[in-house]
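Asker: What follows is model_30.cif, mmCIF, C-alpha atoms.
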```cif
data_my_file
loop_
_atom_site.label_atom_id
_atom_site.label_comp_id
_atom_site.auth_asym_id
_atom_site.auth_seq_id
_atom_site.Cartn_x
_atom_site.Cartn_y
_atom_site.Cartn_z
CA MET S 1 156.91 81.58 74.45
CA ARG S 2 154.17 84.12 73.81
CA LEU S 3 151.57 81.60 74.98
CA PHE S 4 153.59 80.89 78.10
CA ARG S 5 153.73 84.61 78.96
CA ALA S 6 150.00 84.97 78.41
CA ILE S 7 149.25 82.05 80.72
CA ALA S 8 151.63 83.39 83.37
CA ALA S 9 150.00 86.83 83.20
CA LEU S 10 146.57 85.25 83.47
CA LEU S 11 147.64 83.28 86.53
CA VAL S 12 149.03 86.41 88.20
CA LEU S 13 145.76 88.23 87.51
CA LEU S 14 143.78 85.34 88.96
CA VAL S 15 145.89 85.30 92.13
CA LEU S 16 145.53 89.06 92.54
CA ALA S 17 141.78 88.85 91.96
CA ALA S 18 141.53 86.12 94.61
CA CYS S 19 143.36 88.32 97.09
CA LYS S 20 140.92 91.18 96.71
CA ALA S 21 138.59 91.30 99.66
CA ASN S 22 135.19 91.90 98.18
CA PRO S 23 132.07 91.60 100.32
CA PRO S 24 130.65 88.11 99.84
CA GLY S 25 127.62 87.82 97.58
CA LYS S 26 124.24 86.44 98.66
CA LEU S 27 124.92 82.96 97.31
CA GLU S 28 128.33 82.77 99.00
CA THR S 29 126.87 84.03 102.29
CA SER S 30 123.96 81.62 102.34
CA THR S 31 126.17 78.68 101.34
CA VAL S 32 128.74 79.41 104.04
CA ASN S 33 126.04 80.00 106.67
CA PHE S 34 124.43 76.69 105.80
CA ALA S 35 127.76 74.88 106.02
CA LYS S 36 128.65 76.52 109.33
CA HIS S 37 125.31 75.72 110.96
CA ARG S 38 125.20 72.14 109.70
CA PHE S 39 128.82 70.97 109.47
CA PHE S 40 131.58 73.23 110.72
CA VAL S 41 130.36 74.62 114.04
CA GLY S 42 130.19 71.77 116.53
CA ASN S 43 128.85 71.29 120.03
CA LYS S 44 125.26 71.63 118.88
CA LYS S 45 123.70 69.71 121.76
CA GLN S 46 125.56 71.05 124.78
CA LYS S 47 123.34 73.00 127.17
CA ASN S 48 124.40 76.12 129.01
CA PRO S 49 125.27 75.03 132.57
CA LEU S 50 124.62 78.53 133.92
CA PRO S 51 121.14 79.67 134.90
CA ASP S 52 119.47 82.25 132.70
CA THR S 53 119.19 84.90 135.41
CA ALA S 54 119.78 88.62 135.76
CA ALA S 55 123.02 87.90 137.65
CA THR S 56 124.38 85.69 134.84
CA LEU S 57 123.33 88.28 132.28
CA ALA S 58 125.27 90.94 134.22
CA ASP S 59 128.30 88.62 134.33
CA GLY S 60 128.01 88.04 130.61
CA LYS S 61 127.78 91.73 129.86
CA GLU S 62 130.91 92.37 131.90
CA ALA S 63 132.84 89.50 130.29
CA PHE S 64 131.73 90.70 126.85
CA SER S 65 133.15 94.13 127.67
CA HIS S 66 136.69 92.75 128.17
CA TYR S 67 137.46 92.77 124.45
CA CYS S 68 134.50 91.49 122.40
CA VAL S 69 133.31 95.10 122.28
CA ALA S 70 136.30 96.09 120.13
CA CYS S 71 134.64 94.43 117.13
CA HIS S 72 131.02 93.89 118.21
CA GLY S 73 130.31 97.09 120.13
CA MET S 74 128.81 97.27 123.62
CA ASP S 75 125.45 96.12 122.29
CA GLY S 76 126.76 93.26 120.13
CA GLN S 77 125.37 95.09 117.13
CA ASN S 78 128.53 96.88 116.03
CA THR S 79 127.48 100.29 117.32
CA GLY S 80 130.44 102.66 117.14
CA VAL S 81 132.82 100.10 115.60
CA PRO S 82 134.44 102.11 112.80
CA PHE S 83 135.59 99.16 110.68
CA ALA S 84 132.58 96.87 111.04
CA ASP S 85 131.66 97.14 107.35
CA HIS S 86 135.18 97.54 105.99
CA ILE S 87 136.47 94.03 106.46
CA SER S 88 135.54 90.89 104.62
CA PRO S 89 133.40 89.21 105.66
CA PRO S 90 131.79 92.17 107.46
CA ILE S 91 131.23 91.78 111.22
CA PRO S 92 127.68 90.48 111.68
CA SER S 93 125.19 91.89 114.13
CA LEU S 94 124.97 89.32 116.89
CA ALA S 95 121.25 89.98 117.08
CA ALA S 96 120.83 88.77 113.48
CA ASN S 97 119.00 85.54 112.81
CA ASP S 98 122.12 83.96 111.30
CA VAL S 99 123.76 84.22 114.72
CA GLN S 100 120.76 83.71 116.98
CA SER S 101 119.83 80.51 115.15
CA TYR S 102 122.93 78.76 116.51
CA THR S 103 122.27 76.66 119.59
CA ASP S 104 123.82 77.73 122.91
CA GLY S 105 126.38 74.94 122.49
CA GLN S 106 127.34 76.19 119.04
CA LEU S 107 127.72 79.77 120.28
CA LYS S 108 130.04 78.47 123.01
CA TRP S 109 131.97 76.51 120.36
CA ILE S 110 132.42 79.69 118.31
CA LEU S 111 133.55 81.61 121.38
CA ASP S 112 136.03 78.83 122.19
CA ASN S 113 137.42 78.25 118.71
CA GLY S 114 136.62 81.29 116.63
CA ILE S 115 135.60 81.08 113.00
CA TRP S 116 138.35 80.67 110.48
CA PRO S 117 139.03 82.42 108.11
CA SER S 118 136.87 85.29 109.33
CA GLY S 119 138.38 87.68 111.88
CA MET S 120 136.59 85.97 114.80
CA PRO S 121 139.27 84.65 117.19
CA GLY S 122 138.87 81.81 119.68
CA SER S 123 138.83 82.82 123.35
CA LYS S 124 139.42 79.48 125.06
CA GLY S 125 142.03 80.11 127.76
CA THR S 126 141.73 83.85 127.41
CA LEU S 127 138.33 83.81 129.09
CA SER S 128 137.19 81.13 131.52
CA ASP S 129 134.43 78.65 130.68
CA ASP S 130 132.28 80.43 133.23
CA GLU S 131 132.73 83.77 131.48
CA LEU S 132 132.17 82.27 128.03
CA TRP S 133 128.91 80.63 129.05
CA SER S 134 127.77 83.88 130.67
CA ILE S 135 128.50 85.63 127.36
CA VAL S 136 126.18 83.14 125.65
CA VAL S 137 123.44 84.29 128.05
CA TYR S 138 124.24 87.92 127.21
CA LEU S 139 124.00 87.13 123.48
CA ARG S 140 120.49 85.78 124.05
CA HIS S 141 119.42 89.01 125.73
CA LEU S 142 121.19 91.71 123.75
CA PRO S 143 120.10 95.25 124.56
CA PRO S 144 118.51 97.46 121.88
CA ALA S 145 120.96 98.60 119.20
CA GLY S 146 122.70 101.81 120.20
CA SER S 147 121.45 101.76 123.79
CA GLN S 148 124.88 101.07 125.31
CA GLY S 149 126.84 103.83 123.60
CA VAL S 150 130.20 103.52 121.89
CA PRO S 151 133.12 101.48 123.28
CA ASP S 152 135.51 103.68 125.28
CA MET S 153 138.39 102.91 122.93
CA TYR S 154 136.61 104.74 120.08
CA THR S 155 135.66 107.85 122.00
CA HIS S 156 139.07 109.46 122.48
CA MET U 1 135.20 69.84 205.32
CA LYS U 2 133.04 72.08 203.23
CA SER U 3 135.12 75.15 204.05
CA LYS U 4 138.43 73.38 203.33
CA PHE U 5 137.51 72.12 199.86
CA GLY U 6 135.39 75.10 198.80
CA PRO U 7 138.26 77.35 197.66
CA LEU U 8 140.06 74.36 196.17
CA VAL U 9 137.06 73.40 194.05
CA LEU U 10 136.54 77.01 193.06
CA SER U 11 140.18 77.37 192.00
CA ALA U 12 140.02 74.16 190.04
CA ALA U 13 136.87 75.36 188.33
CA ILE U 14 138.45 78.70 187.42
CA LEU U 15 141.59 76.99 186.09
CA THR U 16 139.53 74.58 184.04
CA ALA U 17 137.45 77.40 182.59
CA ALA U 18 140.57 79.44 181.85
CA SER U 19 142.15 76.53 180.05
CA TYR U 20 139.10 76.30 177.77
CA VAL U 21 139.17 79.93 176.72
CA PRO U 22 142.10 79.66 174.26
CA THR U 23 140.56 76.54 172.74
CA ILE U 24 137.26 78.26 172.15
CA ARG U 25 139.09 81.26 170.66
CA SER U 26 141.14 79.13 168.28
CA GLN U 27 138.01 77.37 167.04
CA ASP U 28 136.30 80.69 166.37
CA ALA U 29 139.34 82.39 164.87
CA PRO U 30 139.11 82.25 161.08
CA GLN U 31 141.74 80.35 159.15
CA ARG U 32 143.80 82.91 157.28
CA ILE U 33 144.89 81.88 153.81
CA GLU U 34 147.16 84.03 151.70
CA ILE U 35 147.16 83.63 147.95
CA THR U 36 149.38 85.48 145.52
CA ALA U 37 148.10 86.16 142.03
CA LYS U 38 150.47 86.81 139.18
CA ARG U 39 149.83 86.53 135.47
CA PHE U 40 148.56 83.78 134.91
CA ALA U 41 148.48 81.66 138.07
CA PHE U 42 147.55 81.65 141.73
CA SER U 43 150.06 80.52 144.34
CA PRO U 44 149.12 78.26 145.99
CA GLY U 45 146.74 77.01 143.34
CA GLU U 46 144.73 74.91 145.75
CA VAL U 47 143.88 75.03 149.42
CA THR U 48 142.08 72.71 151.82
CA VAL U 49 139.73 74.06 154.51
CA LYS U 50 137.23 72.55 156.93
CA VAL U 51 133.51 72.83 156.48
CA GLY U 52 131.92 75.19 158.99
CA GLN U 53 135.22 76.84 159.89
CA PRO U 54 135.46 80.53 159.02
CA VAL U 55 138.11 81.43 156.47
CA VAL U 56 139.75 84.71 155.57
CA LEU U 57 141.01 84.58 152.01
CA VAL U 58 143.72 87.16 151.45
CA LEU U 59 144.48 87.87 147.82
CA LYS U 60 147.72 89.63 146.96
CA SER U 61 148.32 90.93 143.47
CA ALA U 62 151.93 90.74 142.36
CA ASP U 63 151.35 92.59 139.10
CA VAL U 64 148.06 93.70 137.53
CA GLY U 65 144.59 93.56 139.02
CA HIS U 66 143.30 90.06 139.77
CA GLY U 67 140.37 88.45 141.51
CA ILE U 68 139.12 85.10 142.73
CA ARG U 69 135.54 84.15 142.18
CA ILE U 70 134.18 80.82 143.38
CA ARG U 71 130.68 80.86 142.01
CA ASP U 72 129.40 77.74 143.80
CA ILE U 73 130.01 79.13 147.26
CA GLY U 74 129.46 82.82 146.54
CA VAL U 75 133.04 84.00 147.09
CA ASP U 76 134.36 86.97 145.14
CA VAL U 77 137.37 89.09 146.02
CA LYS U 78 139.24 91.54 143.81
CA ALA U 79 142.67 93.05 144.36
CA LYS U 80 143.91 96.06 142.45
CA ALA U 81 147.36 96.07 140.84
CA GLY U 82 150.03 95.44 143.49
CA GLN U 83 147.50 95.57 146.31
CA THR U 84 145.86 93.18 148.75
CA ALA U 85 142.20 92.45 149.39
CA GLU U 86 140.46 89.92 151.58
CA VAL U 87 137.12 88.24 152.01
CA LYS U 88 135.72 86.29 154.95
CA PHE U 89 133.39 83.35 154.50
CA THR U 90 132.40 80.07 156.08
CA PRO U 91 132.21 77.09 153.72
CA SER U 92 128.93 75.30 154.36
CA LYS U 93 129.29 72.28 152.09
CA VAL U 94 131.93 69.68 151.43
CA GLY U 95 133.45 69.38 147.96
CA ASP U 96 136.00 70.71 145.51
CA PHE U 97 135.15 74.18 144.26
CA VAL U 98 136.88 75.79 141.32
CA GLY U 99 137.44 79.51 141.28
CA HIS U 100 138.57 81.72 138.41
CA CYS U 101 140.27 85.05 138.11
CA SER U 102 137.47 87.59 138.08
CA VAL U 103 139.40 90.58 136.77
CA PHE U 104 140.44 90.42 133.14
CA CYS U 105 144.23 90.34 133.24
CA GLY U 106 145.38 89.37 129.75
CA SER U 107 145.70 86.52 127.31
CA GLY U 108 145.96 83.76 129.95
CA HIS U 109 143.20 85.14 132.18
CA GLY U 110 140.82 82.29 131.39
CA SER U 111 143.30 79.66 132.53
CA MET U 112 143.83 81.20 135.98
CA THR U 113 142.05 78.77 138.26
CA PHE U 114 142.08 78.10 141.97
CA VAL U 115 140.66 75.06 143.76
CA LEU U 116 139.19 75.15 147.24
CA HIS U 117 138.89 71.70 148.82
CA VAL U 118 136.33 71.75 151.62
CA VAL U 119 136.58 68.68 153.85
CA SER U 120 134.58 67.52 156.87
#
```
Please rewrite the model in this file as structure tokens.

Answerer:
Amino acid sequence: MRLFRAIAALLVLLVLAACKANPPGKLETSTVNFAKHRFFVGNKKQKNPLPDTAATLADGKEAFSHYCVACHGMDGQNTGVPFADHISPPIPSLAANDVQSYTDGQLKWILDNGIWPSGMPGSKGTLSDDELWSIVVYLRHLPPAGSQGVPDMYTH
Amino acid sequence: MKSKFGPLVLSAAILTAASYVPTIRSQDAPQRIEITAKRFAFSPGEVTVKVGQPVVLVLKSADVGHGIRIRDIGVDVKAKAGQTAEVKFTPSKVGDFVGHCSVFCGSGHGSMTFVLHVVS
């Protein structure tokens, strides 16, 4: 009976420990990044059908401002997002190599489907294909960190 | 002979010319198309127009702000909540052109599409 109680207590502790949201370590991060780039995030070969022009970039910036800014900031680098470091995994800077090393097709796939179990939601149906591809162009030409100010929702 | 038929010919010419005027006007008058936008659909969702014939696209918003953007033919019109806006254009190529809502209007915004069929 005593052994049974000890095992039960151990199991409860294990479950509680698993629920704790610690920032992922380096090994966990690199393993997950590798798996995402190679296996989980599809659409690697699809090309962006929109031209890489100033007009598309402006469209992408506007589409990004609809609600992406709530988590990624106006600049895609989390500027002014109060919880960026407080969730697990933390919200990455979209200018970081881990993000920029995805192909255009993979970025579109992530925008469409999100990344489970991170907080990144899929936007297929919420934004049009046109808008999502224009966001991919914006991601390739992100402005300097901090240059776009803080999202309106965090200024009042 | 000349004096008898002169006024007759002139009258006939005037009548003929007058009868052409409405025809010319109707060809030049733009086709007016009214579209109602309501979360998350356009009504009607597709419209057929003729190439080279001017079109006035009237967009009525029945709730929040909406827009129609047809990238391939450079059409973009935006209507504020409960209001109407219009854009005039002349389709210059035949085909089926898909437009999307160009004002973010909520969770189904990305699925709001409109098709313009341009025929010869």

Asker: Would you translate the PyMOL selection byres ((chain S and resi 137-149) around 12) into the concrete set of residues it matches in this file, as a PyMOL selection string?

Answerer: chain S and resi 47-65+68-69+72-81+93-97+99-105+107-108+111+130-136+150-155

Asker: Translate the PyMOL selection byres ((chain U) within 6 of (chain S)) into a concrete residue list for this structure, as a ChimeraX atom specification.

Answerer: /U:107-111

Asker: Pick out the residues sitting within 9 Å of region 32-39 of chain S, and hand them over as an MDAnalysis selection string; count only C-alpha atoms, and ignore anything fewer than 4 positions along from it in its own chain.

Answerer: chainID S and resid 27:28 44 98 101:102 106

Asker: Using the chain letters and numbers from the file, which residues does the PyMOL selection byres ((chain U and resi 56) around 7) grab, as an NGL selection string?

Answerer: :U and (30-33 or 54-55 or 57-58 or 86-89)

Asker: So how far away is CA of Ala29 (chain U) from CA of Ile68 (chain U), in Å?

Answerer: 22.3 Å

Asker: Can you tell me which residues surround Gly95 (chain U) at a distance of at most 9 Å, considering all atoms listed in the file, apart from same-chain residues fewer than 6 positions away, and format the answer as number ranges by chain?

Answerer: U: 116-119

Asker: Measuring atom to atom with all atoms listed in the file, identify which of U:Ser92, U:Ser61, U:Ser120, U:Gln83 is nearest to Phe40 (chain U).

Answerer: U:Ser61

Asker: Please indicate the distance in Å from CA of Val98 (chain U) to CA of Phe42 (chain U), rounded to one decimal place.

Answerer: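 CA of Phe42 (chain U) lies 12.2 Å from CA of Val98 (chain U).
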
Asker: Please write as a ChimeraX atom specification the list of polymer residues whose atoms come within 6 Å of (140.7, 95.3, 138.6), counting all atoms listed in the file and keeping to the coordinates of the file.

Answerer: /U:65-66,80,103

Asker: One decimal, Å: what's the distance from CA of Thr29 (chain S) over to CA of Pro90 (chain S), could you say?

Answerer: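 Interatomic distance here is 10.8 Å.
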
Asker: Could you rebuild region 93-116 of chain U with N, CA and C atoms and give it back as a PDB file, keeping the file's coordinate frame?

Answerer:
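out.pdb, freshly written:
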```pdb
ATOM      1  N   LYS U  93     129.464  73.608 152.690  1.00  0.00           N
ATOM      2  CA  LYS U  93     129.290  72.280 152.090  1.00  0.00           C
ATOM      3  C   LYS U  93     130.641  71.705 151.684  1.00  0.00           C
ATOM      4  N   VAL U  94     130.698  70.394 151.751  1.00  0.00           N
ATOM      5  CA  VAL U  94     131.930  69.680 151.430  1.00  0.00           C
ATOM      6  C   VAL U  94     132.041  69.507 149.912  1.00  0.00           C
ATOM      7  N   GLY U  95     133.262  69.598 149.393  1.00  0.00           N
ATOM      8  CA  GLY U  95     133.450  69.380 147.960  1.00  0.00           C
ATOM      9  C   GLY U  95     134.672  70.122 147.449  1.00  0.00           C
ATOM     10  N   ASP U  96     134.916  69.977 146.166  1.00  0.00           N
ATOM     11  CA  ASP U  96     136.000  70.710 145.510  1.00  0.00           C
ATOM     12  C   ASP U  96     135.381  71.815 144.660  1.00  0.00           C
ATOM     13  N   PHE U  97     135.772  73.043 144.934  1.00  0.00           N
ATOM     14  CA  PHE U  97     135.150  74.180 144.260  1.00  0.00           C
ATOM     15  C   PHE U  97     136.211  74.948 143.459  1.00  0.00           C
ATOM     16  N   VAL U  98     135.910  75.134 142.206  1.00  0.00           N
ATOM     17  CA  VAL U  98     136.880  75.790 141.320  1.00  0.00           C
ATOM     18  C   VAL U  98     136.559  77.275 141.206  1.00  0.00           C
ATOM     19  N   GLY U  99     137.574  78.072 141.434  1.00  0.00           N
ATOM     20  CA  GLY U  99     137.440  79.510 141.280  1.00  0.00           C
ATOM     21  C   GLY U  99     138.239  79.994 140.080  1.00  0.00           C
ATOM     22  N   HIS U 100     137.862  81.145 139.562  1.00  0.00           N
ATOM     23  CA  HIS U 100     138.570  81.720 138.410  1.00  0.00           C
ATOM     24  C   HIS U 100     138.960  83.154 138.730  1.00  0.00           C
ATOM     25  N   CYS U 101     139.930  83.627 137.995  1.00  0.00           N
ATOM     26  CA  CYS U 101     140.270  85.050 138.110  1.00  0.00           C
ATOM     27  C   CYS U 101     139.068  85.853 137.632  1.00  0.00           C
ATOM     28  N   SER U 102     138.675  86.839 138.426  1.00  0.00           N
ATOM     29  CA  SER U 102     137.470  87.590 138.080  1.00  0.00           C
ATOM     30  C   SER U 102     137.757  88.992 137.572  1.00  0.00           C
ATOM     31  N   VAL U 103     139.028  89.290 137.369  1.00  0.00           N
ATOM     32  CA  VAL U 103     139.400  90.580 136.770  1.00  0.00           C
ATOM     33  C   VAL U 103     140.211  90.277 135.508  1.00  0.00           C
ATOM     34  N   PHE U 104     139.743  90.746 134.389  1.00  0.00           N
ATOM     35  CA  PHE U 104     140.440  90.420 133.140  1.00  0.00           C
ATOM     36  C   PHE U 104     141.881  90.921 133.195  1.00  0.00           C
ATOM     37  N   CYS U 105     142.835  89.974 133.019  1.00  0.00           N
ATOM     38  CA  CYS U 105     144.230  90.340 133.240  1.00  0.00           C
ATOM     39  C   CYS U 105     145.135  90.020 132.052  1.00  0.00           C
ATOM     40  N   GLY U 106     144.547  89.615 130.922  1.00  0.00           N
ATOM     41  CA  GLY U 106     145.380  89.370 129.750  1.00  0.00           C
ATOM     42  C   GLY U 106     145.076  88.051 129.085  1.00  0.00           C
ATOM     43  N   SER U 107     145.985  87.645 128.204  1.00  0.00           N
ATOM     44  CA  SER U 107     145.700  86.520 127.310  1.00  0.00           C
ATOM     45  C   SER U 107     145.513  85.183 128.043  1.00  0.00           C
ATOM     46  N   GLY U 108     146.103  85.027 129.232  1.00  0.00           N
ATOM     47  CA  GLY U 108     145.960  83.760 129.950  1.00  0.00           C
ATOM     48  C   GLY U 108     144.939  83.827 131.069  1.00  0.00           C
ATOM     49  N   HIS U 109     144.174  84.905 131.103  1.00  0.00           N
ATOM     50  CA  HIS U 109     143.200  85.140 132.180  1.00  0.00           C
ATOM     51  C   HIS U 109     142.271  83.946 132.387  1.00  0.00           C
ATOM     52  N   GLY U 110     141.794  83.377 131.296  1.00  0.00           N
ATOM     53  CA  GLY U 110     140.820  82.290 131.390  1.00  0.00           C
ATOM     54  C   GLY U 110     141.381  81.006 131.980  1.00  0.00           C
ATOM     55  N   SER U 111     142.704  80.896 131.993  1.00  0.00           N
ATOM     56  CA  SER U 111     143.300  79.660 132.530  1.00  0.00           C
ATOM     57  C   SER U 111     143.717  79.825 133.990  1.00  0.00           C
ATOM     58  N   MET U 112     143.461  80.988 134.570  1.00  0.00           N
ATOM     59  CA  MET U 112     143.830  81.200 135.980  1.00  0.00           C
ATOM     60  C   MET U 112     142.770  80.606 136.882  1.00  0.00           C
ATOM     61  N   THR U 113     143.043  79.420 137.395  1.00  0.00           N
ATOM     62  CA  THR U 113     142.050  78.770 138.260  1.00  0.00           C
ATOM     63  C   THR U 113     142.635  78.503 139.647  1.00  0.00           C
ATOM     64  N   PHE U 114     141.722  78.352 140.577  1.00  0.00           N
ATOM     65  CA  PHE U 114     142.080  78.100 141.970  1.00  0.00           C
ATOM     66  C   PHE U 114     141.087  77.078 142.498  1.00  0.00           C
ATOM     67  N   VAL U 115     141.580  76.092 143.244  1.00  0.00           N
ATOM     68  CA  VAL U 115     140.660  75.060 143.760  1.00  0.00           C
ATOM     69  C   VAL U 115     140.607  75.117 145.274  1.00  0.00           C
ATOM     70  N   LEU U 116     139.406  75.188 145.803  1.00  0.00           N
ATOM     71  CA  LEU U 116     139.190  75.150 147.240  1.00  0.00           C
ATOM     72  C   LEU U 116     138.613  73.793 147.592  1.00  0.00           C
TER      73      LEU U 116
END
```
